[in-house]
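Data block for query.pdb (PDB, C-alpha atoms, pLDDT in the B column):
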```pdb
ATOM      1  CA  MET A   1     -28.428  19.188  21.748  1.00 48.00           C
ATOM      2  CA  THR A   2     -25.310  21.089  20.719  1.00 50.00           C
ATOM      3  CA  ARG A   3     -23.393  19.841  23.738  1.00 50.00           C
ATOM      4  CA  THR A   4     -24.407  16.240  23.063  1.00 45.00           C
ATOM      5  CA  PHE A   5     -23.345  16.571  19.440  1.00 41.00           C
ATOM      6  CA  PHE A   6     -19.985  18.053  20.482  1.00 40.00           C
ATOM      7  CA  THR A   7     -19.403  15.183  22.916  1.00 38.00           C
ATOM      8  CA  PHE A   8     -20.223  12.696  20.154  1.00 36.00           C
ATOM      9  CA  ILE A   9     -17.697  14.331  17.844  1.00 39.00           C
ATOM     10  CA  LEU A  10     -14.994  14.137  20.527  1.00 36.00           C
ATOM     11  CA  ILE A  11     -15.686  10.443  21.111  1.00 34.00           C
ATOM     12  CA  LEU A  12     -15.696   9.748  17.371  1.00 40.00           C
ATOM     13  CA  SER A  13     -12.427  11.623  16.909  1.00 43.00           C
ATOM     14  CA  ALA A  14     -10.778   9.689  19.724  1.00 37.00           C
ATOM     15  CA  ALA A  15     -11.945   6.420  18.193  1.00 38.00           C
ATOM     16  CA  MET A  16     -10.473   7.380  14.838  1.00 43.00           C
ATOM     17  CA  LEU A  17      -7.152   8.329  16.391  1.00 38.00           C
ATOM     18  CA  THR A  18      -6.866   5.017  18.209  1.00 37.00           C
ATOM     19  CA  ALA A  19      -8.034   2.901  15.270  1.00 47.00           C
ATOM     20  CA  CYS A  20      -4.498   1.861  14.405  1.00 45.00           C
ATOM     21  CA  THR A  21      -2.909   1.344  17.812  1.00 57.00           C
ATOM     22  CA  GLU A  22      -2.257  -2.371  17.276  1.00 92.00           C
ATOM     23  CA  SER A  23       1.113  -3.348  15.907  1.00 96.00           C
ATOM     24  CA  PHE A  24       3.006  -6.362  14.642  1.00 95.00           C
ATOM     25  CA  THR A  25       6.743  -7.062  14.891  1.00 98.00           C
ATOM     26  CA  ASP A  26       8.433  -8.902  12.041  1.00 98.00           C
ATOM     27  CA  SER A  27      10.668 -11.513  13.678  1.00 97.00           C
ATOM     28  CA  ARG A  28      12.995 -11.525  10.645  1.00 97.00           C
ATOM     29  CA  ASP A  29      14.397  -8.046  11.289  1.00 97.00           C
ATOM     30  CA  GLY A  30      12.593  -6.656  14.357  1.00 97.00           C
ATOM     31  CA  GLN A  31      10.691  -3.988  12.452  1.00 97.00           C
ATOM     32  CA  SER A  32       7.312  -3.020  13.838  1.00 97.00           C
ATOM     33  CA  TYR A  33       4.255  -2.250  11.686  1.00 98.00           C
ATOM     34  CA  ASP A  34       0.932  -0.693  12.590  1.00 97.00           C
ATOM     35  CA  ILE A  35      -2.000  -2.911  11.689  1.00 98.00           C
ATOM     36  CA  VAL A  36      -5.652  -2.081  11.136  1.00 98.00           C
ATOM     37  CA  LYS A  37      -8.849  -4.122  10.846  1.00 97.00           C
ATOM     38  CA  ILE A  38     -11.147  -3.104   8.014  1.00 97.00           C
ATOM     39  CA  SER A  39     -14.345  -5.118   7.767  1.00 95.00           C
ATOM     40  CA  SER A  40     -13.260  -8.735   8.375  1.00 96.00           C
ATOM     41  CA  GLN A  41      -9.704  -8.198   7.080  1.00 97.00           C
ATOM     42  CA  THR A  42      -6.554  -7.350   9.027  1.00 98.00           C
ATOM     43  CA  TRP A  43      -4.068  -5.260   7.043  1.00 98.00           C
ATOM     44  CA  MET A  44      -0.636  -3.868   7.677  1.00 98.00           C
ATOM     45  CA  ALA A  45      -1.141  -0.116   7.861  1.00 98.00           C
ATOM     46  CA  GLU A  46       2.338   0.489   6.464  1.00 98.00           C
ATOM     47  CA  ASN A  47       4.170  -0.687   3.357  1.00 98.00           C
ATOM     48  CA  LEU A  48       6.472  -3.633   3.896  1.00 98.00           C
ATOM     49  CA  ASN A  49      10.089  -2.613   4.483  1.00 98.00           C
ATOM     50  CA  PHE A  50      11.876  -5.955   4.679  1.00 98.00           C
ATOM     51  CA  GLU A  51      15.221  -5.590   2.928  1.00 98.00           C
ATOM     52  CA  THR A  52      16.271  -8.079   0.283  1.00 96.00           C
ATOM     53  CA  GLU A  53      19.066  -8.041  -2.266  1.00 94.00           C
ATOM     54  CA  THR A  54      16.761  -7.107  -5.140  1.00 93.00           C
ATOM     55  CA  SER A  55      14.303  -4.774  -3.377  1.00 97.00           C
ATOM     56  CA  ALA A  56      14.717  -1.011  -3.638  1.00 97.00           C
ATOM     57  CA  CYS A  57      13.907   2.168  -1.764  1.00 98.00           C
ATOM     58  CA  PRO A  58      11.709   4.602  -3.731  1.00 98.00           C
ATOM     59  CA  GLU A  59      13.819   6.902  -5.909  1.00 97.00           C
ATOM     60  CA  GLY A  60      16.830   4.808  -4.854  1.00 96.00           C
ATOM     61  CA  ASP A  61      17.106   6.866  -1.647  1.00 97.00           C
ATOM     62  CA  LYS A  62      17.491   4.875   1.584  1.00 96.00           C
ATOM     63  CA  ARG A  63      15.770   7.652   3.517  1.00 96.00           C
ATOM     64  CA  ASN A  64      12.560   6.891   1.634  1.00 98.00           C
ATOM     65  CA  CYS A  65      12.373   3.322   2.920  1.00 98.00           C
ATOM     66  CA  SER A  66      11.353   4.408   6.416  1.00 96.00           C
ATOM     67  CA  LYS A  67       8.533   6.539   4.997  1.00 97.00           C
ATOM     68  CA  TYR A  68       7.338   4.476   2.027  1.00 98.00           C
ATOM     69  CA  GLY A  69       8.663   0.960   2.577  1.00 98.00           C
ATOM     70  CA  ARG A  70      10.516  -0.935  -0.143  1.00 98.00           C
ATOM     71  CA  LEU A  71       9.624  -1.805  -3.747  1.00 98.00           C
ATOM     72  CA  TYR A  72       9.585  -5.449  -4.914  1.00 98.00           C
ATOM     73  CA  THR A  73       9.155  -7.331  -8.159  1.00 97.00           C
ATOM     74  CA  TRP A  74       6.068  -9.513  -8.330  1.00 98.00           C
ATOM     75  CA  GLU A  75       7.938 -12.809  -7.979  1.00 97.00           C
ATOM     76  CA  GLU A  76       9.557 -11.578  -4.791  1.00 98.00           C
ATOM     77  CA  ALA A  77       6.362  -9.968  -3.523  1.00 98.00           C
ATOM     78  CA  LYS A  78       4.563 -13.324  -3.619  1.00 98.00           C
ATOM     79  CA  HIS A  79       6.834 -14.705  -0.881  1.00 97.00           C
ATOM     80  CA  ILE A  80       7.952 -11.606   1.042  1.00 98.00           C
ATOM     81  CA  CYS A  81       5.211 -11.250   3.677  1.00 98.00           C
ATOM     82  CA  PRO A  82       6.046 -12.446   7.212  1.00 98.00           C
ATOM     83  CA  GLU A  83       4.765 -15.735   8.591  1.00 96.00           C
ATOM     84  CA  ASP A  84       0.962 -15.777   9.047  1.00 96.00           C
ATOM     85  CA  TRP A  85       0.624 -12.884   6.555  1.00 98.00           C
ATOM     86  CA  ARG A  86       0.231 -13.085   2.781  1.00 98.00           C
ATOM     87  CA  LEU A  87       0.205 -11.013  -0.370  1.00 98.00           C
ATOM     88  CA  PRO A  88      -3.420 -10.011  -1.049  1.00 98.00           C
ATOM     89  CA  ASP A  89      -5.137 -11.204  -4.211  1.00 98.00           C
ATOM     90  CA  ASN A  90      -7.787  -9.395  -6.266  1.00 98.00           C
ATOM     91  CA  ALA A  91     -10.600 -10.720  -4.078  1.00 98.00           C
ATOM     92  CA  ASP A  92      -8.914  -9.219  -1.004  1.00 98.00           C
ATOM     93  CA  PHE A  93      -8.545  -5.848  -2.710  1.00 98.00           C
ATOM     94  CA  GLU A  94     -12.118  -5.907  -3.992  1.00 98.00           C
ATOM     95  CA  GLN A  95     -13.332  -6.534  -0.440  1.00 98.00           C
ATOM     96  CA  LEU A  96     -11.190  -3.642   0.794  1.00 98.00           C
ATOM     97  CA  ILE A  97     -12.527  -1.314  -1.913  1.00 98.00           C
ATOM     98  CA  THR A  98     -16.116  -2.225  -1.040  1.00 98.00           C
ATOM     99  CA  ALA A  99     -15.515  -1.672   2.680  1.00 98.00           C
ATOM    100  CA  ALA A 100     -13.913   1.715   1.942  1.00 98.00           C
ATOM    101  CA  GLY A 101     -16.927   3.055   0.066  1.00 98.00           C
ATOM    102  CA  GLY A 102     -16.765   1.492  -3.384  1.00 98.00           C
ATOM    103  CA  ALA A 103     -14.543   2.004  -6.404  1.00 98.00           C
ATOM    104  CA  GLU A 104     -15.368   5.703  -6.921  1.00 98.00           C
ATOM    105  CA  ALA A 105     -14.568   6.756  -3.334  1.00 98.00           C
ATOM    106  CA  ALA A 106     -12.211   4.183  -1.840  1.00 98.00           C
ATOM    107  CA  GLY A 107      -9.028   5.863  -3.039  1.00 98.00           C
ATOM    108  CA  PHE A 108      -9.809   9.002  -1.075  1.00 98.00           C
ATOM    109  CA  ALA A 109     -10.752   7.001   2.025  1.00 98.00           C
ATOM    110  CA  LEU A 110      -7.569   4.895   1.928  1.00 98.00           C
ATOM    111  CA  LYS A 111      -4.985   7.543   1.000  1.00 98.00           C
ATOM    112  CA  SER A 112      -2.877   9.275   3.663  1.00 98.00           C
ATOM    113  CA  THR A 113      -3.804  12.820   4.638  1.00 98.00           C
ATOM    114  CA  SER A 114      -0.516  14.292   3.394  1.00 97.00           C
ATOM    115  CA  GLY A 115       2.270  13.720   0.895  1.00 96.00           C
ATOM    116  CA  TRP A 116       0.244  13.540  -2.341  1.00 98.00           C
ATOM    117  CA  PHE A 117       0.698  15.903  -5.294  1.00 96.00           C
ATOM    118  CA  LYS A 118      -1.671  18.769  -6.145  1.00 92.00           C
ATOM    119  CA  LYS A 119      -4.085  18.447  -3.234  1.00 92.00           C
ATOM    120  CA  GLY A 120      -4.469  14.759  -3.969  1.00 96.00           C
ATOM    121  CA  ASN A 121      -4.386  13.813  -0.280  1.00 98.00           C
ATOM    122  CA  GLY A 122      -6.993  11.476   1.130  1.00 98.00           C
ATOM    123  CA  SER A 123      -9.034  11.342   4.327  1.00 98.00           C
ATOM    124  CA  ASP A 124      -7.474   8.096   5.657  1.00 98.00           C
ATOM    125  CA  ASP A 125     -10.832   7.170   7.193  1.00 98.00           C
ATOM    126  CA  PHE A 126      -9.757   3.645   8.091  1.00 97.00           C
ATOM    127  CA  GLY A 127      -6.143   4.101   9.156  1.00 97.00           C
ATOM    128  CA  PHE A 128      -4.837   2.334   6.019  1.00 98.00           C
ATOM    129  CA  ASP A 129      -2.493   5.289   5.408  1.00 98.00           C
ATOM    130  CA  ALA A 130      -1.675   4.587   1.748  1.00 98.00           C
ATOM    131  CA  ARG A 131       1.357   6.665   0.767  1.00 98.00           C
ATOM    132  CA  PRO A 132       2.516   7.518  -2.768  1.00 98.00           C
ATOM    133  CA  ALA A 133       5.717   5.483  -3.028  1.00 98.00           C
ATOM    134  CA  GLY A 134       5.608   5.334  -6.809  1.00 98.00           C
ATOM    135  CA  TYR A 135       7.290   2.418  -8.558  1.00 98.00           C
ATOM    136  CA  ARG A 136      10.409   1.300 -10.430  1.00 97.00           C
ATOM    137  CA  LEU A 137      10.306   0.332 -14.083  1.00 96.00           C
ATOM    138  CA  ALA A 138      11.963  -2.868 -15.245  1.00 91.00           C
ATOM    139  CA  GLY A 139      15.467  -2.670 -16.629  1.00 75.00           C
ATOM    140  CA  PHE A 140      17.601  -5.350 -18.257  1.00 52.00           C
ATOM    141  CA  ASP A 141      21.343  -5.793 -18.502  1.00 47.00           C
ATOM    142  CA  ASN A 142      23.101  -6.903 -21.708  1.00 45.00           C
ATOM    143  CA  GLY A 143      22.520 -10.551 -20.845  1.00 47.00           C
ATOM    144  CA  GLY A 144      18.768 -10.057 -20.603  1.00 43.00           C
ATOM    145  CA  THR A 145      18.696 -10.345 -16.804  1.00 45.00           C
ATOM    146  CA  THR A 146      16.291  -8.088 -14.929  1.00 49.00           C
ATOM    147  CA  SER A 147      17.933  -5.172 -13.163  1.00 56.00           C
ATOM    148  CA  GLY A 148      16.777  -1.863 -11.758  1.00 67.00           C
ATOM    149  CA  GLY A 149      15.142   0.582 -14.151  1.00 86.00           C
ATOM    150  CA  LYS A 150      13.945   4.160 -13.756  1.00 95.00           C
ATOM    151  CA  PHE A 151      12.014   5.230 -10.660  1.00 97.00           C
ATOM    152  CA  ASP A 152       8.795   7.151 -11.214  1.00 97.00           C
ATOM    153  CA  GLY A 153       5.550   8.244  -9.588  1.00 97.00           C
ATOM    154  CA  ILE A 154       6.658   9.121  -6.057  1.00 98.00           C
ATOM    155  CA  GLY A 155       4.170  11.605  -4.613  1.00 98.00           C
ATOM    156  CA  GLY A 156       1.594  10.699  -7.250  1.00 98.00           C
ATOM    157  CA  TYR A 157       0.825   6.991  -7.107  1.00 98.00           C
ATOM    158  CA  ALA A 158       0.516   4.079  -4.710  1.00 98.00           C
ATOM    159  CA  HIS A 159       0.771   0.648  -6.362  1.00 98.00           C
ATOM    160  CA  PHE A 160       0.202  -2.448  -4.217  1.00 98.00           C
ATOM    161  CA  TRP A 161       0.949  -5.835  -5.767  1.00 98.00           C
ATOM    162  CA  SER A 162      -1.811  -8.422  -5.988  1.00 98.00           C
ATOM    163  CA  ALA A 163      -1.127 -12.162  -6.024  1.00 98.00           C
ATOM    164  CA  THR A 164      -3.485 -12.463  -9.015  1.00 98.00           C
ATOM    165  CA  GLU A 165      -1.997 -12.908 -12.488  1.00 98.00           C
ATOM    166  CA  THR A 166      -3.588 -12.048 -15.820  1.00 97.00           C
ATOM    167  CA  SER A 167      -4.083 -14.561 -18.626  1.00 96.00           C
ATOM    168  CA  ASP A 168      -1.379 -12.844 -20.699  1.00 96.00           C
ATOM    169  CA  GLY A 169       1.381 -13.061 -18.091  1.00 96.00           C
ATOM    170  CA  LEU A 170       1.018  -9.725 -16.311  1.00 98.00           C
ATOM    171  CA  ALA A 171       0.158  -9.233 -12.631  1.00 98.00           C
ATOM    172  CA  HIS A 172      -2.525  -7.116 -11.016  1.00 98.00           C
ATOM    173  CA  TYR A 173      -2.023  -4.354  -8.485  1.00 98.00           C
ATOM    174  CA  LEU A 174      -4.223  -1.911  -6.597  1.00 98.00           C
ATOM    175  CA  LEU A 175      -3.807   1.600  -7.991  1.00 98.00           C
ATOM    176  CA  LEU A 176      -4.373   4.811  -6.019  1.00 98.00           C
ATOM    177  CA  ASP A 177      -3.790   8.057  -7.926  1.00 97.00           C
ATOM    178  CA  PHE A 178      -3.294  11.669  -6.767  1.00 98.00           C
ATOM    179  CA  SER A 179      -5.727  12.914  -9.437  1.00 97.00           C
ATOM    180  CA  THR A 180      -8.784  10.879  -8.425  1.00 98.00           C
ATOM    181  CA  LYS A 181     -10.729   9.686  -5.408  1.00 98.00           C
ATOM    182  CA  ALA A 182     -11.201   6.287  -7.005  1.00 98.00           C
ATOM    183  CA  ALA A 183      -9.395   3.005  -6.414  1.00 98.00           C
ATOM    184  CA  LYS A 184      -9.012   0.353  -9.084  1.00 98.00           C
ATOM    185  CA  LEU A 185      -7.171  -2.801 -10.028  1.00 98.00           C
ATOM    186  CA  SER A 186      -4.744  -2.540 -12.922  1.00 98.00           C
ATOM    187  CA  ALA A 187      -2.056  -4.810 -14.372  1.00 98.00           C
ATOM    188  CA  PHE A 188       1.492  -4.476 -15.624  1.00 95.00           C
ATOM    189  CA  GLY A 189       4.746  -6.370 -16.017  1.00 96.00           C
ATOM    190  CA  LYS A 190       5.958  -8.592 -13.199  1.00 97.00           C
ATOM    191  CA  ASP A 191       9.521  -7.260 -13.490  1.00 96.00           C
ATOM    192  CA  GLU A 192       8.514  -3.790 -12.321  1.00 97.00           C
ATOM    193  CA  ALA A 193       8.941  -3.039  -8.614  1.00 98.00           C
ATOM    194  CA  ARG A 194       5.955  -1.944  -6.538  1.00 98.00           C
ATOM    195  CA  SER A 195       4.864  -1.681  -2.915  1.00 98.00           C
ATOM    196  CA  VAL A 196       3.558  -4.550  -0.791  1.00 98.00           C
ATOM    197  CA  ARG A 197       0.794  -4.480   1.809  1.00 98.00           C
ATOM    198  CA  CYS A 198       0.322  -7.772   3.623  1.00 98.00           C
ATOM    199  CA  VAL A 199      -3.064  -9.072   4.806  1.00 98.00           C
ATOM    200  CA  LYS A 200      -4.362 -11.882   6.974  1.00 95.00           C
TER     201      LYS A 200
END
```
Mind turning the file's structure into structure tokens?
Amino acid sequence: MTRTFFTFILILSAAMLTACTESFTDSRDGQSYDIVKISSQTWMAENLNFETETSACPEGDKRNCSKYGRLYTWEEAKHICPEDWRLPDNADFEQLITAAGGAEAAGFALKSTSGWFKKGNGSDDFGFDARPAGYRLAGFDNGGTTSGGKFDGIGGYAHFWSATETSDGLAHYLLLDFSTKAAKLSAFGKDEARSVRCVK
């Protein structure tokens, strides 16, 4: 019985390790991304890192782009996914949350196993590997044009833009927090810069 159980654990562990072996190459810049299937959805298992003139690396440090991907405003995020991929909407995120154990547990299941503040790491049960890239607040120049504001939240928060708007002109995003195992949808200004995970 013990031997059988041990063999089962080895097989299960191997399956978990190979859950994210598929990859996708973005023809625009040649970057490769791990992908993972969760329930009936196929997700990029890494934050998008396609460089644009207005996107930013977390904390303004180019070294962070390779680890966390880039941050985008909502208007840019709507059109930034590669061909055949799209920015997820609230329904996509709600399906993901349900598949990952429900709102109270999904954050823990989706978060990466390292890199989060104060023992806030997750179990990464599905290979989604959500990393705490933080976000960039909106800033405006003297002419009222949007420009880069203060960076915040790296190590503590993962914010993934949703394609769904609110009735009062904000935009939703999926929020994962170092201090909780939960996952939830929140909303804030479209001029802030947040991470993008593409789905198909």
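Nearest residue to Glu46 of chain A, choosing from A:Leu96, A:Leu87, A:Ala138, A:Val196 and counting all atoms listed in the file: A:Val196.
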- [ ] Could you list the residues chosen by the PyMOL selection byres ((chain A and resi 164) around 12) in this structure as a PyMOL selection string?
- [x] chain A and resi 74-75+77-78+87-94+160-163+165-174+185-188+190
Find the smallest box with edges along x, y and z containing every listed atom of segment 98-103 of chain A, then add 4 Å on each side and report centre and edge lengths in Å to one decimal, as lines of an AutoDock Vina configuration file.
```
center_x = -15.4
center_y = 0.4
center_z = -1.9
size_x = 11.0
size_y = 13.3
size_z = 17.1
```
TODO: Extract, using only C-alpha atoms, all DNA, RNA and protein residues at most 8 Å from segment 29-37 of chain A, discarding same-chain residues fewer than 2 positions from it, and format them as a ChimeraX atom specification.
DONE: /A:19-27,39-46,50,126-128
Filtering to C-alpha atoms, could you give me those residues as a PDB file, in the frame of the given file?
```pdb
ATOM      1  CA  ALA A  19      -8.034   2.901  15.270  1.00 47.00           C
ATOM      2  CA  CYS A  20      -4.498   1.861  14.405  1.00 45.00           C
ATOM      3  CA  THR A  21      -2.909   1.344  17.812  1.00 57.00           C
ATOM      4  CA  GLU A  22      -2.257  -2.371  17.276  1.00 92.00           C
ATOM      5  CA  SER A  23       1.113  -3.348  15.907  1.00 96.00           C
ATOM      6  CA  PHE A  24       3.006  -6.362  14.642  1.00 95.00           C
ATOM      7  CA  THR A  25       6.743  -7.062  14.891  1.00 98.00           C
ATOM      8  CA  ASP A  26       8.433  -8.902  12.041  1.00 98.00           C
ATOM      9  CA  SER A  27      10.668 -11.513  13.678  1.00 97.00           C
ATOM     10  CA  SER A  39     -14.345  -5.118   7.767  1.00 95.00           C
ATOM     11  CA  SER A  40     -13.260  -8.735   8.375  1.00 96.00           C
ATOM     12  CA  GLN A  41      -9.704  -8.198   7.080  1.00 97.00           C
ATOM     13  CA  THR A  42      -6.554  -7.350   9.027  1.00 98.00           C
ATOM     14  CA  TRP A  43      -4.068  -5.260   7.043  1.00 98.00           C
ATOM     15  CA  MET A  44      -0.636  -3.868   7.677  1.00 98.00           C
ATOM     16  CA  ALA A  45      -1.141  -0.116   7.861  1.00 98.00           C
ATOM     17  CA  GLU A  46       2.338   0.489   6.464  1.00 98.00           C
ATOM     18  CA  PHE A  50      11.876  -5.955   4.679  1.00 98.00           C
ATOM     19  CA  PHE A 126      -9.757   3.645   8.091  1.00 97.00           C
ATOM     20  CA  GLY A 127      -6.143   4.101   9.156  1.00 97.00           C
ATOM     21  CA  PHE A 128      -4.837   2.334   6.019  1.00 98.00           C
TER      22      PHE A 128
END
```
- [ ] Kindly indicate which residue among A:Gly69, A:Gly155, A:Pro58, A:Gly139 lies nearest to Lys118 of chain A, using all atoms listed in the file for the distances.
- [x]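 Checking each candidate against Lys118 of chain A, we get A:Gly155 as the closest.
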TODO: For Tyr68 of chain A, please output as number ranges by chain all residues within 7 Å (counting all atoms listed in the file; exclusion window: fewer than 5 positions along the same chain).
DONE: A: 47, 131, 133
TODO: Mind giving me the straight-line distance from atom CA of Thr73 of chain A to atom CA of Arg86 of chain A in Å, one decimal?
DONE: 15.2 Å
Open item on the list: Assuming the chain letters and numbering stay as they are in my file, what does the PyMOL selection byres ((chain A and resi 194) around 6) actually select? List them as a count of residues only.
Closed with: 6
TODO: Work out how far atom CA of Ala105 of chain A is from atom CA of Ile38 of chain A, in Å to one decimal.
DONE: 15.4 Å
